[in-house]
Structure formats: structure tokens, C-alpha cells
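K.L.:
Provided herewith: data.pdb, PDB, C-alpha atoms, pLDDT in the B column.
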MODEL        1
ATOM      1  CA  MET U   1      27.911  23.781  31.090  1.00 91.00           C
ATOM      2  CA  LYS U   2      30.000  25.418  28.410  1.00 95.00           C
ATOM      3  CA  PRO U   3      31.830  23.092  26.041  1.00 97.00           C
ATOM      4  CA  GLU U   4      35.185  24.680  26.926  1.00 97.00           C
ATOM      5  CA  SER U   5      34.705  23.778  30.604  1.00 96.00           C
ATOM      6  CA  LEU U   6      34.091  20.129  29.793  1.00 97.00           C
ATOM      7  CA  ILE U   7      37.051  20.056  27.380  1.00 97.00           C
ATOM      8  CA  GLU U   8      39.294  21.375  30.178  1.00 97.00           C
ATOM      9  CA  LEU U   9      38.170  18.559  32.497  1.00 96.00           C
ATOM     10  CA  LEU U  10      38.797  15.971  29.781  1.00 97.00           C
ATOM     11  CA  ALA U  11      42.260  17.413  29.080  1.00 97.00           C
ATOM     12  CA  GLU U  12      43.516  17.249  32.683  1.00 96.00           C
ATOM     13  CA  ARG U  13      46.522  14.977  33.162  1.00 96.00           C
ATOM     14  CA  PRO U  14      46.599  12.678  34.815  1.00 95.00           C
ATOM     15  CA  PHE U  15      43.009  12.147  33.723  1.00 95.00           C
ATOM     16  CA  ARG U  16      40.545  11.319  36.475  1.00 95.00           C
ATOM     17  CA  PRO U  17      37.329   9.549  35.407  1.00 95.00           C
ATOM     18  CA  LEU U  18      34.310  11.870  35.414  1.00 97.00           C
ATOM     19  CA  LEU U  19      30.695  11.531  36.438  1.00 97.00           C
ATOM     20  CA  LEU U  20      28.340  13.667  34.347  1.00 98.00           C
ATOM     21  CA  ARG U  21      24.953  14.298  35.987  1.00 98.00           C
ATOM     22  CA  LEU U  22      21.980  15.468  33.920  1.00 97.00           C
ATOM     23  CA  SER U  23      18.968  17.573  34.909  1.00 97.00           C
ATOM     24  CA  ASP U  24      16.629  14.565  34.571  1.00 97.00           C
ATOM     25  CA  GLY U  25      18.581  12.612  37.213  1.00 97.00           C
ATOM     26  CA  ARG U  26      20.498  10.348  34.833  1.00 96.00           C
ATOM     27  CA  SER U  27      24.286  10.166  35.039  1.00 97.00           C
ATOM     28  CA  HIS U  28      27.052   8.866  32.801  1.00 96.00           C
ATOM     29  CA  GLU U  29      30.656   7.985  33.517  1.00 95.00           C
ATOM     30  CA  VAL U  30      33.549   9.003  31.293  1.00 96.00           C
ATOM     31  CA  ARG U  31      36.332   6.531  32.156  1.00 93.00           C
ATOM     32  CA  HIS U  32      38.705   7.588  29.354  1.00 95.00           C
ATOM     33  CA  PRO U  33      38.914  11.023  27.682  1.00 96.00           C
ATOM     34  CA  GLU U  34      39.094   9.304  24.292  1.00 95.00           C
ATOM     35  CA  LEU U  35      35.476   8.181  24.789  1.00 97.00           C
ATOM     36  CA  ALA U  36      33.989  11.699  24.882  1.00 98.00           C
ATOM     37  CA  ILE U  37      33.336  13.995  21.935  1.00 98.00           C
ATOM     38  CA  VAL U  38      32.361  17.535  22.877  1.00 98.00           C
ATOM     39  CA  GLY U  39      30.353  19.622  20.444  1.00 98.00           C
ATOM     40  CA  GLU U  40      29.027  23.158  20.624  1.00 97.00           C
ATOM     41  CA  ASP U  41      25.911  22.093  22.551  1.00 97.00           C
ATOM     42  CA  PHE U  42      26.305  18.342  23.124  1.00 98.00           C
ATOM     43  CA  VAL U  43      28.631  15.633  24.367  1.00 98.00           C
ATOM     44  CA  THR U  44      28.669  12.131  22.936  1.00 98.00           C
ATOM     45  CA  ILE U  45      29.942   9.501  25.354  1.00 98.00           C
ATOM     46  CA  GLY U  46      31.237   6.108  24.330  1.00 97.00           C
ATOM     47  CA  ILE U  47      30.145   3.366  26.723  1.00 96.00           C
ATOM     48  CA  PRO U  48      32.816   0.641  27.011  1.00 95.00           C
ATOM     49  CA  ARG U  49      32.198  -3.021  27.761  1.00 93.00           C
ATOM     50  CA  ASP U  50      34.140  -2.733  31.051  1.00 92.00           C
ATOM     51  CA  GLU U  51      36.048  -0.149  33.099  1.00 86.00           C
ATOM     52  CA  GLU U  52      39.420  -0.901  31.497  1.00 87.00           C
ATOM     53  CA  SER U  53      38.352  -0.845  27.843  1.00 92.00           C
ATOM     54  CA  LYS U  54      38.845   2.190  25.633  1.00 92.00           C
ATOM     55  CA  VAL U  55      36.588   0.714  22.935  1.00 95.00           C
ATOM     56  CA  ALA U  56      32.959   1.835  22.928  1.00 96.00           C
ATOM     57  CA  VAL U  57      30.229  -0.760  22.477  1.00 97.00           C
ATOM     58  CA  LYS U  58      27.482   1.885  22.348  1.00 97.00           C
ATOM     59  CA  LEU U  59      27.065   5.676  22.403  1.00 97.00           C
ATOM     60  CA  THR U  60      24.923   8.066  24.387  1.00 97.00           C
ATOM     61  CA  HIS U  61      24.272  11.709  23.521  1.00 97.00           C
ATOM     62  CA  CYS U  62      23.697  14.481  26.071  1.00 97.00           C
ATOM     63  CA  THR U  63      22.782  18.119  25.557  1.00 97.00           C
ATOM     64  CA  LEU U  64      25.180  20.383  27.448  1.00 97.00           C
ATOM     65  CA  SER U  65      22.319  22.584  28.655  1.00 97.00           C
ATOM     66  CA  HIS U  66      21.071  19.544  30.647  1.00 97.00           C
ATOM     67  CA  LEU U  67      24.483  18.841  32.200  1.00 97.00           C
ATOM     68  CA  VAL U  68      24.215  20.042  35.807  1.00 96.00           C
ATOM     69  CA  GLU U  69      27.418  18.582  37.244  1.00 96.00           C
ATOM     70  CA  ALA U  70      30.714  17.170  36.065  1.00 96.00           C
ATOM     71  CA  ARG U  71      32.863  15.819  38.877  1.00 95.00           C
ATOM     72  CA  SER U  72      35.746  13.453  39.352  1.00 94.00           C
ATOM     73  CA  LEU U  73      34.970   9.883  40.367  1.00 91.00           C
ATOM     74  CA  VAL U  74      38.348   9.780  42.151  1.00 86.00           C
ATOM     75  CA  SER U  75      38.988  11.783  45.306  1.00 72.00           C
TER      76      SER U  75
ENDMDL
END
Translate this structure into C-alpha cells?

P.N.:
Amino acid sequence: MKPESLIELLAERPFRPLLLRLSDGRSHEVRHPELAIVGEDFVTIGIPRDEESKVAVKLTHCTLSHLVEARSLVS
């Protein structure tokens, strides 16, 4: 995925939480756009304590070349 594509999804308003699926089968949720930092070839995702929190308690890093799907968690 290109960084611009992910930035567009994160900028949508109203924001809908995203599920990011990786080529190795792992997945990560982005519940708030403030908890994702998109770089040229990576995304860093802040993992909150609970679904409502906008404060990260840990971080995970993903290479964009391994991101195979980014879809809304809300229909």
C-alpha cells in the first residue's frame, strides 16, 4: 500500500476505525487516527489500553509493503 492511500483513509471524516491486515496473517486495529503515524514505507500504530482511549500504552511498527488490506471495521 502506498502511504498516501493510508493517509486518505485516516483523514476520512467521520473517521471509521480501520483493520490493517499484514502478509504474515497478523492484523492491527486503528481505533483513532491520532494513533497512527504514516512514514514513507512504514506505519506505526499506537495500541490503546481500551477501545475508547486515545492514549497509546505500546507501539507496533508495520512495513507498508507487507500491508495487504486496510478496511473499515464499521459497515

K.L.:
Using all atoms listed in the file, can you list as number ranges by chain the residues within 12 Å of (23.0, 8.8, 35.0)?

P.N.:
U: 18-30, 45, 60-62, 66-70

K.L.:
Please, what distance in Å, to one decimal, runs between atom CA of U:Leu6 and atom CA of U:Val57?

P.N.:
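Atom-to-atom, atom CA of U:Leu6 and atom CA of U:Val57 are spaced 22.5 Å apart.
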
K.L.:
Between U:Leu73, U:Val55, U:Val38, U:Ile47, which has the minimum distance to U:Phe15 (counting only C-alpha atoms)?

P.N.:
U:Leu73

K.L.:
Which distance in Å separates atom CA of U:Leu64 and atom CA of U:Pro3, to one decimal?

P.N.:
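Value for the atom CA of U:Leu64-atom CA of U:Pro3 distance: 7.3 Å.
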
K.L.:
For U:Pro17, which residue among U:Thr44, U:Ser5, U:Ser72, U:Ser53 is the nearest when counting only C-alpha atoms?

P.N.:
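Among the listed residues, the smallest separation from U:Pro17 belongs to U:Ser72.
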
K.L.:
With 7 Å as the threshold, what does the neighbourhood of (33.7, 8.3, 22.3) contain in terms of residues, counting all atoms listed in the file? Coordinates are those of the file; answer as a compact mmCIF listing (two decimals) with C-alpha atoms, keeping the file's coordinate frame.

P.N.:
# COMPACT_ATOMS: atom_id res chain seq x y z
CA GLU U 34 39.09 9.30 24.29
CA LEU U 35 35.48 8.18 24.79
CA ALA U 36 33.99 11.70 24.88
CA ILE U 37 33.34 14.00 21.94
CA THR U 44 28.67 12.13 22.94
CA ILE U 45 29.94 9.50 25.35
CA GLY U 46 31.24 6.11 24.33
CA ALA U 56 32.96 1.84 22.93

K.L.:
Enclose all atoms of stretch 19-33 of chain U listed in the file in an axis-aligned box, grow every side by 4 Å, and hand back centre and edge lengths in Å to one decimal, as JSON.

P.N.:
{"center_x": 27.8, "center_y": 12.1, "center_z": 32.4, "size_x": 30.3, "size_y": 19.0, "size_z": 17.5}

K.L.:
To one decimal place, how far is atom CA of U:Leu59 from atom CA of U:Phe42 in Å?

P.N.:
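Computing it gives 12.7 Å between the two atoms.
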